[in-house]
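Engineer: The file below is work_39.txt, compact mmCIF, C-alpha atoms:
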```txt
# COMPACT_ATOMS: atom_id res chain seq x y z
CA MET A 462 0.00 0.00 0.00
CA PHE A 463 2.83 2.35 0.90
CA VAL A 464 4.53 1.57 -2.40
CA MET A 465 1.40 2.11 -4.50
CA ASN A 466 0.66 5.42 -2.78
CA SER A 467 4.26 6.52 -3.22
CA ILE A 468 4.30 5.64 -6.89
CA ALA A 469 1.03 7.49 -7.46
CA THR A 470 2.46 10.53 -5.67
CA ILE A 471 5.63 10.42 -7.75
CA ILE A 472 3.74 10.01 -11.03
CA TRP A 473 1.42 12.87 -10.17
CA ARG A 474 4.36 15.15 -9.34
CA ASP A 475 6.19 14.31 -12.59
CA VAL A 476 3.13 14.74 -14.77
CA ARG A 477 2.19 18.03 -13.18
CA GLN A 478 5.73 19.24 -13.51
CA SER A 479 6.05 18.42 -17.19
CA TYR A 480 2.70 20.00 -18.08
CA ALA A 481 3.47 23.08 -15.95
CA SER A 482 6.99 23.58 -17.29
CA GLY A 483 5.81 23.41 -20.89
CA GLY A 484 8.14 20.47 -21.53
CA THR A 485 5.13 18.51 -22.73
CA TRP A 486 4.29 20.87 -25.54
CA LEU A 487 7.72 21.05 -27.12
CA PRO A 488 7.46 17.64 -28.85
CA VAL A 489 3.92 18.53 -29.93
CA ILE A 490 5.05 21.78 -31.51
CA PHE A 491 7.94 19.97 -33.18
CA TYR A 492 5.56 17.33 -34.49
CA LEU A 493 3.15 19.87 -35.92
CA SER A 494 6.01 21.86 -37.46
CA ALA A 495 7.31 18.79 -39.26
CA ALA A 496 3.82 17.98 -40.51
CA THR A 497 3.32 21.56 -41.70
CA LEU A 498 6.68 21.78 -43.47
CA PHE A 499 6.34 18.52 -45.37
CA PRO A 500 3.59 19.64 -47.79
CA PHE A 501 5.57 22.81 -48.47
CA ALA A 502 8.63 20.75 -49.34
CA VAL A 503 7.03 18.12 -51.61
CA GLY A 504 4.22 20.24 -53.01
CA PRO A 505 0.47 20.01 -52.47
CA ASP A 506 0.01 16.85 -54.53
CA ARG A 507 -2.88 15.16 -52.75
CA ALA A 508 -2.11 11.64 -53.97
CA LEU A 509 1.53 11.91 -52.93
CA LEU A 510 0.65 13.34 -49.53
CA LEU A 511 -1.87 10.57 -48.92
CA GLN A 512 0.70 7.97 -49.82
CA THR A 513 3.61 9.32 -47.80
CA GLY A 514 1.92 11.40 -45.12
CA GLY A 515 1.48 8.58 -42.61
CA GLY A 516 5.14 7.59 -42.85
CA ILE A 517 6.25 11.18 -42.38
CA LEU A 518 4.05 11.54 -39.31
CA TRP A 519 5.65 8.38 -37.94
CA ILE A 520 9.17 9.71 -38.49
CA ALA A 521 8.15 12.96 -36.84
CA ALA A 522 6.81 11.04 -33.84
CA LEU A 523 10.09 9.18 -33.52
CA LEU A 524 12.12 12.37 -33.68
CA ALA A 525 9.79 14.07 -31.20
CA THR A 526 10.74 11.30 -28.76
CA LEU A 527 14.30 12.62 -28.74
CA LEU A 528 13.42 16.13 -27.57
CA PRO A 529 12.76 15.53 -23.86
CA LEU A 530 15.63 13.01 -23.39
CA ASP A 531 17.93 15.20 -21.31
CA ARG A 532 15.14 16.34 -19.00
CA LEU A 533 13.72 12.92 -18.13
CA ILE A 534 16.20 11.66 -15.53
CA GLN A 535 19.14 14.04 -15.28
CA PRO A 536 17.57 16.91 -13.24
CA ASP A 537 16.14 14.66 -10.52
CA LEU A 538 19.29 12.57 -10.39
CA GLU A 539 21.46 15.67 -9.98
CA ASN A 540 19.18 17.17 -7.36
CA GLY A 541 19.27 14.02 -5.22
CA VAL A 542 15.55 13.27 -5.63
CA TYR A 543 16.17 9.62 -6.56
CA ASP A 544 18.59 9.21 -3.65
CA GLN A 545 15.90 10.43 -1.27
CA MET A 546 13.41 7.97 -2.77
CA ILE A 547 15.86 5.08 -2.30
CA VAL A 548 16.44 6.14 1.33
CA ARG A 549 12.67 5.89 1.77
CA GLY A 550 12.78 2.28 0.67
CA LEU A 551 11.66 2.54 -2.97
CA SER A 552 13.62 0.45 -5.46
CA ASP A 553 15.29 1.65 -8.64
CA GLU A 554 12.87 -0.45 -10.66
CA MET A 555 9.86 1.20 -9.03
CA ILE A 556 11.33 4.64 -9.66
CA ALA A 557 11.94 3.74 -13.31
CA ALA A 558 8.45 2.29 -13.71
CA ALA A 559 6.93 5.45 -12.25
CA ARG A 560 9.02 7.54 -14.62
CA LEU A 561 7.84 5.45 -17.57
CA VAL A 562 4.19 5.98 -16.68
CA SER A 563 4.58 9.68 -15.94
CA HIS A 564 6.56 10.27 -19.11
CA TRP A 565 3.99 8.46 -21.22
CA LEU A 566 1.16 10.48 -19.64
CA ALA A 567 2.97 13.69 -20.58
CA PHE A 568 4.06 12.48 -24.01
CA GLY A 569 1.51 10.03 -25.44
CA PRO A 570 -1.84 11.82 -25.25
CA PRO A 571 -0.54 15.20 -26.48
CA LEU A 572 1.22 13.45 -29.37
CA LEU A 573 -1.98 11.62 -30.34
CA LEU A 574 -3.82 14.93 -30.27
CA ALA A 575 -1.15 16.49 -32.47
CA ALA A 576 -1.38 13.53 -34.85
CA VAL A 577 -5.08 14.24 -35.38
CA LEU A 578 -4.30 17.83 -36.32
CA ALA A 579 -1.29 16.88 -38.45
CA SER A 580 -3.15 14.22 -40.40
CA GLY A 581 -5.56 16.94 -41.47
CA LEU A 582 -2.60 18.72 -43.09
CA MET A 583 -1.67 15.51 -44.92
CA GLY A 584 -5.25 14.91 -46.02
CA LEU A 585 -5.45 11.52 -44.29
CA ASP A 586 -9.07 10.39 -44.16
CA GLY A 587 -11.04 8.39 -41.63
CA ALA A 588 -9.68 4.87 -42.01
CA ALA A 589 -6.05 5.93 -42.47
CA LEU A 590 -6.33 8.34 -39.58
CA GLY A 591 -7.78 5.58 -37.40
CA THR A 592 -4.89 3.25 -38.23
CA LEU A 593 -2.33 5.99 -37.63
CA LEU A 594 -3.82 6.80 -34.25
CA ALA A 595 -4.00 3.13 -33.32
CA SER A 596 -0.38 2.54 -34.28
CA LEU A 597 0.79 5.63 -32.38
CA ALA A 598 -1.30 4.70 -29.35
CA ILE A 599 0.33 1.27 -29.34
CA ALA A 600 3.83 2.61 -29.92
CA THR A 601 4.00 5.68 -27.67
CA PRO A 602 4.44 3.61 -24.47
CA ALA A 603 7.40 1.90 -26.15
CA LEU A 604 8.84 5.22 -27.33
CA ALA A 605 8.43 6.58 -23.79
CA GLY A 606 10.12 3.44 -22.44
CA LEU A 607 13.05 3.78 -24.83
CA ALA A 608 13.40 7.43 -23.88
CA VAL A 609 13.42 6.62 -20.15
CA MET A 610 15.93 3.77 -20.60
CA ILE A 611 18.31 5.87 -22.67
CA ALA A 612 17.92 8.93 -20.46
CA ALA A 613 18.84 6.77 -17.45
CA LEU A 614 21.79 5.20 -19.27
CA THR A 615 23.24 8.52 -20.38
CA ALA A 616 22.39 10.52 -17.23
CA GLY A 617 25.43 12.26 -15.83
CA MET A 618 27.38 12.10 -19.09
CA LYS A 619 28.58 15.08 -21.05
CA GLY A 620 26.69 15.51 -24.30
CA ALA A 621 24.04 13.09 -23.06
CA GLY A 622 21.40 14.55 -25.39
CA ALA A 623 23.34 13.89 -28.59
CA LEU A 624 24.50 10.47 -27.45
CA GLY A 625 20.96 9.61 -26.42
CA GLY A 626 19.72 10.44 -29.92
CA LEU A 627 22.35 8.19 -31.47
CA LEU A 628 21.35 5.33 -29.17
CA LEU A 629 17.62 5.75 -29.46
CA VAL A 630 17.15 5.99 -33.22
CA PRO A 631 18.45 2.49 -34.08
CA LEU A 632 16.48 0.92 -31.25
CA ALA A 633 13.31 2.59 -32.48
CA ILE A 634 13.64 1.25 -36.04
CA PRO A 635 11.47 -1.87 -35.43
CA LEU A 636 8.73 0.40 -34.10
CA LEU A 637 9.02 2.59 -37.19
CA ILE A 638 8.93 -0.35 -39.60
CA PHE A 639 5.82 -1.93 -38.13
CA GLY A 640 4.21 1.37 -37.19
CA ALA A 641 4.52 2.90 -40.62
CA GLY A 642 3.90 -0.53 -42.15
CA SER A 643 0.52 -0.74 -40.46
CA LEU A 644 -0.64 2.11 -42.71
CA SER A 645 -0.29 -0.06 -45.83
CA ALA A 646 -2.69 -2.74 -47.01
CA GLN A 647 -1.60 -5.60 -44.72
CA GLY A 648 -2.00 -3.36 -41.71
CA SER A 649 -3.39 -5.63 -39.02
CA SER A 650 -0.47 -8.05 -38.79
CA ALA A 651 1.91 -5.07 -38.61
CA LEU A 652 -0.15 -3.69 -35.73
CA ALA A 653 0.13 -7.02 -33.94
CA PHE A 654 3.92 -7.02 -34.35
CA LEU A 655 4.02 -3.40 -33.22
CA ALA A 656 2.07 -4.31 -30.09
CA ALA A 657 4.45 -7.21 -29.39
CA ILE A 658 7.53 -4.98 -29.64
CA SER A 659 5.84 -2.31 -27.58
CA LEU A 660 4.95 -4.75 -24.80
CA LEU A 661 8.51 -6.07 -24.75
CA LEU A 662 10.03 -2.60 -24.48
CA VAL A 663 7.58 -1.52 -21.79
CA ALA A 664 8.28 -4.70 -19.83
CA ILE A 665 12.06 -4.32 -19.85
CA THR A 666 12.13 -0.56 -19.22
CA PRO A 667 11.78 -0.65 -15.40
CA PHE A 668 14.58 -3.21 -15.12
CA ALA A 669 16.97 -1.69 -17.66
CA ALA A 670 16.45 1.89 -16.49
CA GLY A 671 16.49 0.75 -12.86
CA ALA A 672 19.82 -0.98 -13.37
CA ALA A 673 21.19 2.18 -14.95
CA LEU A 674 19.98 4.29 -12.01
CA SER A 675 21.56 1.87 -9.58
CA ALA A 676 24.86 1.81 -11.50
CA VAL A 677 25.16 5.58 -11.61
CA ARG A 678 24.94 5.73 -7.81
CA GLU A 679 28.04 3.61 -7.24
CA MET B 241 25.02 -12.46 9.55
CA SER B 242 25.08 -12.05 5.81
CA LYS B 243 26.87 -9.26 4.02
CA GLY B 244 24.97 -6.02 3.65
CA GLN B 245 22.04 -4.70 5.58
CA SER B 246 20.04 -7.11 7.63
CA THR B 247 16.44 -6.04 7.71
CA GLY B 248 14.99 -5.93 11.15
CA SER B 249 12.86 -3.44 12.97
CA ASP B 250 15.77 -2.70 15.26
CA ASN B 251 15.90 0.85 16.47
CA ARG B 252 19.64 0.85 17.14
CA LEU B 253 22.37 1.64 14.66
CA LEU B 254 24.90 -1.15 14.85
CA ALA B 255 27.83 -1.44 12.43
CA GLU B 256 30.02 -4.52 12.35
CA ALA B 257 33.32 -4.57 10.48
CA LEU B 258 32.03 -2.20 7.79
CA SER B 259 34.30 -1.61 4.83
CA CYS B 260 33.77 0.48 1.75
CA VAL B 261 35.60 0.48 -1.57
CA ARG B 262 34.92 3.26 -4.04
CA GLY B 263 36.60 3.66 -7.39
CA GLU B 264 39.00 0.80 -6.55
CA ARG B 265 40.13 2.68 -3.45
CA LEU B 266 39.56 1.31 0.01
CA LEU B 267 38.04 4.17 1.99
CA PHE B 268 37.64 2.54 5.37
CA ARG B 269 37.56 -0.96 6.78
CA GLY B 270 36.60 -2.76 9.91
CA LEU B 271 34.37 -0.03 11.34
CA ASP B 272 32.47 -1.11 14.45
CA PHE B 273 30.17 1.14 16.38
CA LEU B 274 26.85 1.15 18.16
CA LEU B 275 24.38 3.99 18.65
CA GLU B 276 21.45 3.34 20.98
CA PRO B 277 18.22 5.39 20.75
CA GLY B 278 18.87 8.89 22.08
CA GLU B 279 22.56 8.82 21.22
CA ALA B 280 24.52 10.94 18.81
CA GLY B 281 27.75 10.16 17.01
CA LEU B 282 30.14 12.57 15.34
CA LEU B 283 32.16 11.64 12.26
CA THR B 284 35.41 13.48 11.78
CA GLY B 285 38.40 13.18 9.51
CA PRO B 286 40.04 14.95 6.59
CA ASN B 287 38.33 15.53 3.25
CA GLY B 288 37.90 12.49 1.03
CA VAL B 289 38.36 10.01 3.85
CA GLY B 290 34.91 8.51 3.34
CA LYS B 291 32.60 10.33 5.76
CA SER B 292 29.96 10.99 3.11
CA SER B 293 30.35 7.48 1.74
CA LEU B 294 29.77 6.01 5.21
CA LEU B 295 26.59 8.10 5.59
CA ARG B 296 25.39 7.10 2.10
CA LEU B 297 26.18 3.48 2.90
CA LEU B 298 24.14 3.57 6.10
CA ALA B 299 21.33 5.29 4.18
CA GLY B 300 21.22 2.30 1.82
CA LEU B 301 22.60 4.13 -1.21
CA LEU B 302 25.86 2.19 -1.35
CA GLN B 303 26.63 -1.44 -0.67
CA PRO B 304 29.29 -2.21 1.93
CA SER B 305 32.15 -4.18 0.39
CA ALA B 306 32.44 -6.14 3.64
CA GLY B 307 30.73 -6.15 7.01
CA SER B 308 27.13 -5.43 7.84
CA PHE B 309 24.95 -3.05 9.75
CA ILE B 310 21.58 -2.89 11.44
CA ALA B 311 19.66 0.37 11.23
CA PRO B 312 16.18 1.64 12.04
CA GLU B 313 13.82 1.07 9.15
CA LYS B 314 13.07 4.77 8.68
CA LYS B 315 16.13 6.84 7.93
CA ALA B 316 16.70 10.40 6.83
CA LEU B 317 19.71 11.55 4.85
CA CYS B 318 20.64 15.22 4.74
CA ASP B 319 23.48 15.66 2.24
CA ASP B 320 24.54 18.49 -0.03
CA ARG B 321 21.68 17.97 -2.46
CA LEU B 322 18.40 19.72 -1.95
CA ALA B 323 15.98 17.29 -3.64
CA LEU B 324 13.25 19.93 -3.71
CA ASP B 325 11.57 21.21 -6.87
CA GLU B 326 13.23 24.55 -7.54
CA HIS B 327 10.31 26.20 -9.31
CA LEU B 328 7.73 25.31 -6.65
CA PRO B 329 6.98 27.35 -3.54
CA PHE B 330 8.88 25.88 -0.60
CA GLU B 331 5.82 24.53 1.19
CA GLN B 332 4.51 22.81 -1.93
CA ALA B 333 7.93 21.29 -2.66
CA LEU B 334 8.08 19.91 0.89
CA ARG B 335 4.57 18.54 0.59
CA PHE B 336 5.78 16.03 -2.02
CA TRP B 337 8.14 14.44 0.51
CA ALA B 338 5.50 14.77 3.23
CA LYS B 339 3.17 12.58 1.14
CA LEU B 340 5.89 9.97 0.64
CA ASP B 341 6.65 10.05 4.36
CA GLY B 342 2.96 9.82 5.26
CA LYS B 343 2.95 13.24 6.92
CA GLY B 344 0.25 15.88 6.88
CA GLN B 345 -0.07 19.60 6.48
CA ALA B 346 0.60 20.28 10.17
CA ASP B 347 3.88 18.34 10.03
CA VAL B 348 5.02 20.40 7.02
CA ALA B 349 4.28 23.63 8.90
CA ALA B 350 6.08 22.32 11.99
CA ALA B 351 9.16 21.29 9.99
CA MET B 352 9.31 24.69 8.30
CA ALA B 353 9.01 26.47 11.64
CA HIS B 354 11.66 24.18 13.14
CA ALA B 355 14.08 25.16 10.41
CA GLY B 356 13.19 28.85 10.73
CA LEU B 357 11.70 29.00 7.25
CA GLY B 358 8.02 29.46 8.11
CA HIS B 359 8.01 32.93 6.60
CA LEU B 360 9.31 31.63 3.24
CA ALA B 361 6.56 29.02 2.68
CA GLU B 362 5.28 30.77 -0.45
CA VAL B 363 8.69 31.60 -1.95
CA PRO B 364 9.91 29.41 -4.83
CA VAL B 365 12.93 27.36 -3.76
CA ARG B 366 15.13 28.74 -6.54
CA TYR B 367 15.24 32.16 -4.82
CA PHE B 368 16.68 30.69 -1.60
CA SER B 369 20.12 31.78 -0.43
CA THR B 370 22.87 29.30 0.51
CA GLY B 371 21.91 29.34 4.18
CA GLN B 372 18.21 29.07 3.42
CA ARG B 373 18.89 26.09 1.14
CA GLN B 374 20.73 24.41 3.98
CA ARG B 375 17.82 25.06 6.32
CA ALA B 376 15.45 23.71 3.65
CA ARG B 377 17.46 20.46 3.59
CA LEU B 378 17.13 20.31 7.37
CA ALA B 379 13.37 20.95 7.17
CA ARG B 380 13.07 18.04 4.73
CA THR B 381 15.00 15.91 7.22
CA TYR B 382 12.88 16.95 10.21
CA LEU B 383 9.75 16.17 8.21
CA THR B 384 10.63 12.49 7.66
CA GLY B 385 9.87 11.51 11.24
CA ALA B 386 12.68 8.97 10.82
CA GLY B 387 14.43 7.49 13.82
CA LEU B 388 17.91 7.76 12.34
CA TRP B 389 19.24 11.05 11.01
CA LEU B 390 22.34 10.86 8.83
CA LEU B 391 23.64 14.40 8.51
CA ASP B 392 26.42 15.41 6.15
CA GLU B 393 27.80 18.81 7.17
CA PRO B 394 24.43 20.02 8.49
CA ALA B 395 25.84 23.37 9.65
CA ASN B 396 27.38 24.35 6.30
CA GLY B 397 26.43 27.88 5.33
CA LEU B 398 24.41 28.50 8.50
CA ASP B 399 24.84 31.66 10.58
CA THR B 400 25.38 31.45 14.35
CA ALA B 401 21.71 31.82 15.22
CA SER B 402 20.76 29.07 12.75
CA VAL B 403 23.41 26.74 14.18
CA ASP B 404 21.83 27.25 17.62
CA GLN B 405 18.42 26.55 16.11
CA LEU B 406 19.84 23.39 14.51
CA GLY B 407 21.14 22.38 17.95
CA VAL B 408 17.65 22.71 19.42
CA ALA B 409 16.19 20.52 16.67
CA LEU B 410 18.92 17.89 17.06
CA GLN B 411 18.50 17.83 20.84
CA SER B 412 14.73 17.39 20.62
CA HIS B 413 15.27 14.52 18.17
CA LEU B 414 17.64 12.84 20.65
CA ASP B 415 15.24 13.48 23.53
CA GLY B 416 12.53 11.76 21.53
CA GLY B 417 14.65 8.61 21.27
CA GLY B 418 16.15 9.36 17.86
CA ILE B 419 19.68 8.60 16.69
CA ILE B 420 21.99 11.08 14.98
CA LEU B 421 25.16 10.38 13.07
CA ALA B 422 26.66 13.61 11.78
CA ALA B 423 29.77 14.52 9.84
CA SER B 424 30.64 18.11 10.56
CA HIS B 425 33.73 20.29 10.71
CA ILE B 426 31.67 23.06 12.35
CA PRO B 427 31.13 22.35 16.08
CA LEU B 428 27.49 21.38 16.63
CA PRO B 429 25.85 22.54 19.88
CA ILE B 430 24.86 19.10 21.17
CA ALA B 431 26.69 16.57 23.32
CA PHE B 432 28.00 13.66 21.22
CA ASP B 433 28.21 10.25 22.83
CA PHE B 434 31.20 9.29 20.74
CA THR B 435 33.43 10.56 17.99
CA LEU B 436 34.40 8.31 15.13
CA LYS B 437 37.60 9.56 13.57
CA LEU B 438 38.20 8.27 10.06
CA GLU B 439 41.86 8.22 9.05
CA PRO B 440 43.35 7.98 5.58
CA LEU B 441 44.29 4.31 5.25
CA GLU B 442 47.83 4.95 3.94
CA ASP B 443 48.68 6.64 7.24
CA LEU B 444 47.12 3.81 9.16
CA GLU B 445 49.24 1.26 7.36
CA ALA B 446 52.36 3.33 8.01
CA CYS B 447 51.59 3.20 11.74
CA LEU B 448 51.16 -0.57 11.81
```
Show this structure as structure tokens.
Structural biologist:
Amino acid sequence: MFVMNSIATIIWRDVRQSYASGGTWLPVIFYLSAATLFPFAVGPDRALLLQTGGGILWIAALLATLLPLDRLIQPDLENGVYDQMIVRGLSDEMIAAARLVSHWLAFGPPLLLAAVLASGLMGLDGAALGTLLASLAIATPALAGLAVMIAALTAGMKGAGALGGLLLVPLAIPLLIFGAGSLSAQGSSALAFLAAISLLLVAITPFAAGAALSAVRE
Amino acid sequence: MSKGQSTGSDNRLLAEALSCVRGERLLFRGLDFLLEPGEAGLLTGPNGVGKSSLLRLLAGLLQPSAGSFIAPEKKALCDDRLALDEHLPFEQALRFWAKLDGKGQADVAAAMAHAGLGHLAEVPVRYFSTGQRQRARLARTYLTGAGLWLLDEPANGLDTASVDQLGVALQSHLDGGGIILAASHIPLPIAFDFTLKLEPLEDLEACL
């Protein structure tokens, strides 16, 4: 009971902090900018936009994941917040799991909202929009998990943001392949694969990020 | 007894043959000491000798490389890091830890008053001065209600009046059956039951 209450308190603090600091809206603005720029770059050819728009929105989502990397773990680690949680008997895995949930709550829903707006710019219609939203809804927990893992791994390093980007992009490729792939004709099996990868990443995040948090303390 | 911390609801602090290696350097070894409820211990020694590491080890943040210790289940660590949200008003930032410690609004107000920061409840933490930050760390420590206080240089940056105020808080913790282990190079105005002097190990080996 103590642990559940603590985790809820921690999640609530993180979520409130990221919405209040505006950190939540930066990826959204980035996402919408990318979606707005794309039609300018390739021209307003409706057929071309329909064909490529979903893929572009997926790439934009992946790149938007990179933006909050250096703010996910580093500030609280530096300020001793995680140390104080450990002293209170919470484990690194619980801290990492709470961070995963709070990061997703600040990252997933706003991104889905932005995807609705952006798909209007690409001219995606009902069915395609539905598939795009479904694939993003399935994948955002995994993207949040990857971000938390890599933020924990690179916390305390110089140039952590750039290094984090280099580490995250290759790991996110399976998500991109099946996520963008779900927009094509054989969509449903791609969605199933996407869900499998997403579950795997979400499941290992607390342990991988927790191990990183524990290692950085030594 | 197995290596590491044995979990028991003991309210003493008992260390047996504690050793700590950090960065392939042996900081201290074979430390034995016992603090009963109501007792205070002072850690002294030159910089880098492992005082902070010993406090972090007892707080559960580091693993001992040998030896073991028994500590009260609820511990409070006051080190050089603030662990309060800088952009939040002080009271609100403290309330986060109060919730984790199962404390209420009255406890937050009492801890702030104890640390002499009651008048700054509405001020965002980032505007605090060095001394006020130190008192904010102490307020966070008072708030825990923990039996064992591990204090790393608790009087750093405090003026004379604040050191006296710190002494009052420490004494009332001891009177309530609490334990204090403090590393400080500034004399603290309480009576310590023992002083643990950590020596650089090279010197120790030269003596042997």
Engineer: So which one's closest to chain A, B:Lys291, B:His425, B:Arg296, B:Arg375? Using only C-alpha atoms, please.
Structural biologist: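 Smallest separation from chain A among the options: B:Arg296.
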Engineer: I want to know what sits within 10 Å of range 475-479 of chain A, based on all atoms listed in the file, with residues of the same chain fewer than 6 positions away left out; could you give that as a ChimeraX atom specification?
Structural biologist: /A:469,485-486,529,532-533,559-560,562-568 /B:325,327-328
Engineer: Residues of chain B near chain A: apply a cut-off of 12 Å, count only C-alpha atoms, and supply the list as a CSV table (one decimal) with C-alpha atoms, in the coordinates of the input.
Structural biologist:
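Final output, saved to out-v3.csv:
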```csv
chain,number,residue,atom,x,y,z
B,247,THR,CA,16.4,-6.0,7.7
B,260,CYS,CA,33.8,0.5,1.8
B,261,VAL,CA,35.6,0.5,-1.6
B,262,ARG,CA,34.9,3.3,-4.0
B,263,GLY,CA,36.6,3.7,-7.4
B,264,GLU,CA,39.0,0.8,-6.6
B,293,SER,CA,30.4,7.5,1.7
B,295,LEU,CA,26.6,8.1,5.6
B,296,ARG,CA,25.4,7.1,2.1
B,297,LEU,CA,26.2,3.5,2.9
B,298,LEU,CA,24.1,3.6,6.1
B,299,ALA,CA,21.3,5.3,4.2
B,300,GLY,CA,21.2,2.3,1.8
B,301,LEU,CA,22.6,4.1,-1.2
B,302,LEU,CA,25.9,2.2,-1.4
B,303,GLN,CA,26.6,-1.4,-0.7
B,304,PRO,CA,29.3,-2.2,1.9
B,305,SER,CA,32.2,-4.2,0.4
B,311,ALA,CA,19.7,0.4,11.2
B,312,PRO,CA,16.2,1.6,12.0
B,313,GLU,CA,13.8,1.1,9.2
B,314,LYS,CA,13.1,4.8,8.7
B,315,LYS,CA,16.1,6.8,7.9
B,316,ALA,CA,16.7,10.4,6.8
B,317,LEU,CA,19.7,11.6,4.8
B,318,CYS,CA,20.6,15.2,4.7
B,319,ASP,CA,23.5,15.7,2.2
B,320,ASP,CA,24.5,18.5,0.0
B,321,ARG,CA,21.7,18.0,-2.5
B,322,LEU,CA,18.4,19.7,-2.0
B,323,ALA,CA,16.0,17.3,-3.6
B,324,LEU,CA,13.2,19.9,-3.7
B,325,ASP,CA,11.6,21.2,-6.9
B,326,GLU,CA,13.2,24.6,-7.5
B,327,HIS,CA,10.3,26.2,-9.3
B,328,LEU,CA,7.7,25.3,-6.6
B,332,GLN,CA,4.5,22.8,-1.9
B,333,ALA,CA,7.9,21.3,-2.7
B,334,LEU,CA,8.1,19.9,0.9
B,335,ARG,CA,4.6,18.5,0.6
B,336,PHE,CA,5.8,16.0,-2.0
B,337,TRP,CA,8.1,14.4,0.5
B,338,ALA,CA,5.5,14.8,3.2
B,339,LYS,CA,3.2,12.6,1.1
B,340,LEU,CA,5.9,10.0,0.6
B,341,ASP,CA,6.6,10.0,4.4
B,342,GLY,CA,3.0,9.8,5.3
B,377,ARG,CA,17.5,20.5,3.6
B,380,ARG,CA,13.1,18.0,4.7
B,381,THR,CA,15.0,15.9,7.2
B,384,THR,CA,10.6,12.5,7.7
B,385,GLY,CA,9.9,11.5,11.2
B,386,ALA,CA,12.7,9.0,10.8
B,388,LEU,CA,17.9,7.8,12.3
B,389,TRP,CA,19.2,11.0,11.0
B,390,LEU,CA,22.3,10.9,8.8
```
Engineer: Mind pulling up the distance from CA of Ala431 in chain B to CA of Leu283 in chain B?
Structural biologist: 13.3 Å
Engineer: Give me the residues near range 586-597 of chain A as a list in words, where near means some atom within 9 Å (using only C-alpha atoms) and where sequence neighbours in that chain fewer than 2 positions away do not count.
Structural biologist: Leu511, Gly515, Leu518, Trp519, Ala522, Gly569, Leu572, Leu573, Ala576, Val577, Ser580, Gly581, Gly584, Ile599, Ala600, Thr601, Pro602, Phe639, Gly640, Ala641, Ser643, Leu644, Ser645, Gly648, Leu652, Leu655 and Ala656 of chain A
Engineer: Tell me which of B:Leu391, B:Arg366, B:Ser402, B:Phe268 sits closest to Ala422 in chain B, counting all atoms listed in the file.
Structural biologist: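 That would be B:Leu391, the residue with the smallest distance to Ala422 in chain B.
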Engineer: Contacts of Ala376 in chain B at 9 Å or less, counting all atoms listed in the file, minus same-chain residues fewer than 2 places along, as number ranges by chain?
Structural biologist: B: 322, 324, 330, 334, 352, 355, 357, 365, 368, 371-374, 378-381
Engineer: With 12 Å as the threshold, what does the neighbourhood of (16.6, -2.9, -12.5) contain in terms of residues, counting all atoms listed in the file? Coordinates are those of the file; answer as a VMD selection string.
Structural biologist: chain A and resid 552 to 558 610 613 to 614 664 to 676
Engineer: I need every residue sitting at most 8 Å from the point (26.3, 23.9, 4.7) (coordinates as in the file, all atoms listed in the file considered), written as a ChimeraX atom specification.
Structural biologist: /B:320,370-371,374,393-398
Engineer: Give me a file of those residues, with C-alpha atoms, as a PDB file, keeping the file's coordinate frame.
Structural biologist:
```
ATOM      1  CA  ASP B 320      24.540  18.490  -0.030  1.00  0.00           C
ATOM      2  CA  THR B 370      22.870  29.300   0.510  1.00  0.00           C
ATOM      3  CA  GLY B 371      21.910  29.340   4.180  1.00  0.00           C
ATOM      4  CA  GLN B 374      20.730  24.410   3.980  1.00  0.00           C
ATOM      5  CA  GLU B 393      27.800  18.810   7.170  1.00  0.00           C
ATOM      6  CA  PRO B 394      24.430  20.020   8.490  1.00  0.00           C
ATOM      7  CA  ALA B 395      25.840  23.370   9.650  1.00  0.00           C
ATOM      8  CA  ASN B 396      27.380  24.350   6.300  1.00  0.00           C
ATOM      9  CA  GLY B 397      26.430  27.880   5.330  1.00  0.00           C
ATOM     10  CA  LEU B 398      24.410  28.500   8.500  1.00  0.00           C
TER      11      LEU B 398
END
```
Engineer: List the spatial neighbours of Ile517 in chain A as a short mmCIF file (atom, residue, chain, number, x, y, z; two decimals) with C-alpha atoms, in the frame of the given file - criterion: any atom at most 12 Å away, only C-alpha atoms, same-chain residues fewer than 6 positions off excluded.
Structural biologist:
```cif
data_model
loop_
_atom_site.label_atom_id
_atom_site.label_comp_id
_atom_site.auth_asym_id
_atom_site.auth_seq_id
_atom_site.Cartn_x
_atom_site.Cartn_y
_atom_site.Cartn_z
CA TYR A 492 5.56 17.33 -34.49
CA LEU A 493 3.15 19.87 -35.92
CA SER A 494 6.01 21.86 -37.46
CA ALA A 495 7.31 18.79 -39.26
CA ALA A 496 3.82 17.98 -40.51
CA THR A 497 3.32 21.56 -41.70
CA LEU A 498 6.68 21.78 -43.47
CA PHE A 499 6.34 18.52 -45.37
CA PRO A 500 3.59 19.64 -47.79
CA VAL A 503 7.03 18.12 -51.61
CA LEU A 509 1.53 11.91 -52.93
CA LEU A 510 0.65 13.34 -49.53
CA LEU A 511 -1.87 10.57 -48.92
CA LEU A 523 10.09 9.18 -33.52
CA LEU A 524 12.12 12.37 -33.68
CA ALA A 576 -1.38 13.53 -34.85
CA ALA A 579 -1.29 16.88 -38.45
CA SER A 580 -3.15 14.22 -40.40
CA LEU A 582 -2.60 18.72 -43.09
CA MET A 583 -1.67 15.51 -44.92
CA LEU A 585 -5.45 11.52 -44.29
CA LEU A 593 -2.33 5.99 -37.63
CA LEU A 637 9.02 2.59 -37.19
CA GLY A 640 4.21 1.37 -37.19
CA ALA A 641 4.52 2.90 -40.62
CA GLY A 642 3.90 -0.53 -42.15
CA LEU A 644 -0.64 2.11 -42.71
#
```
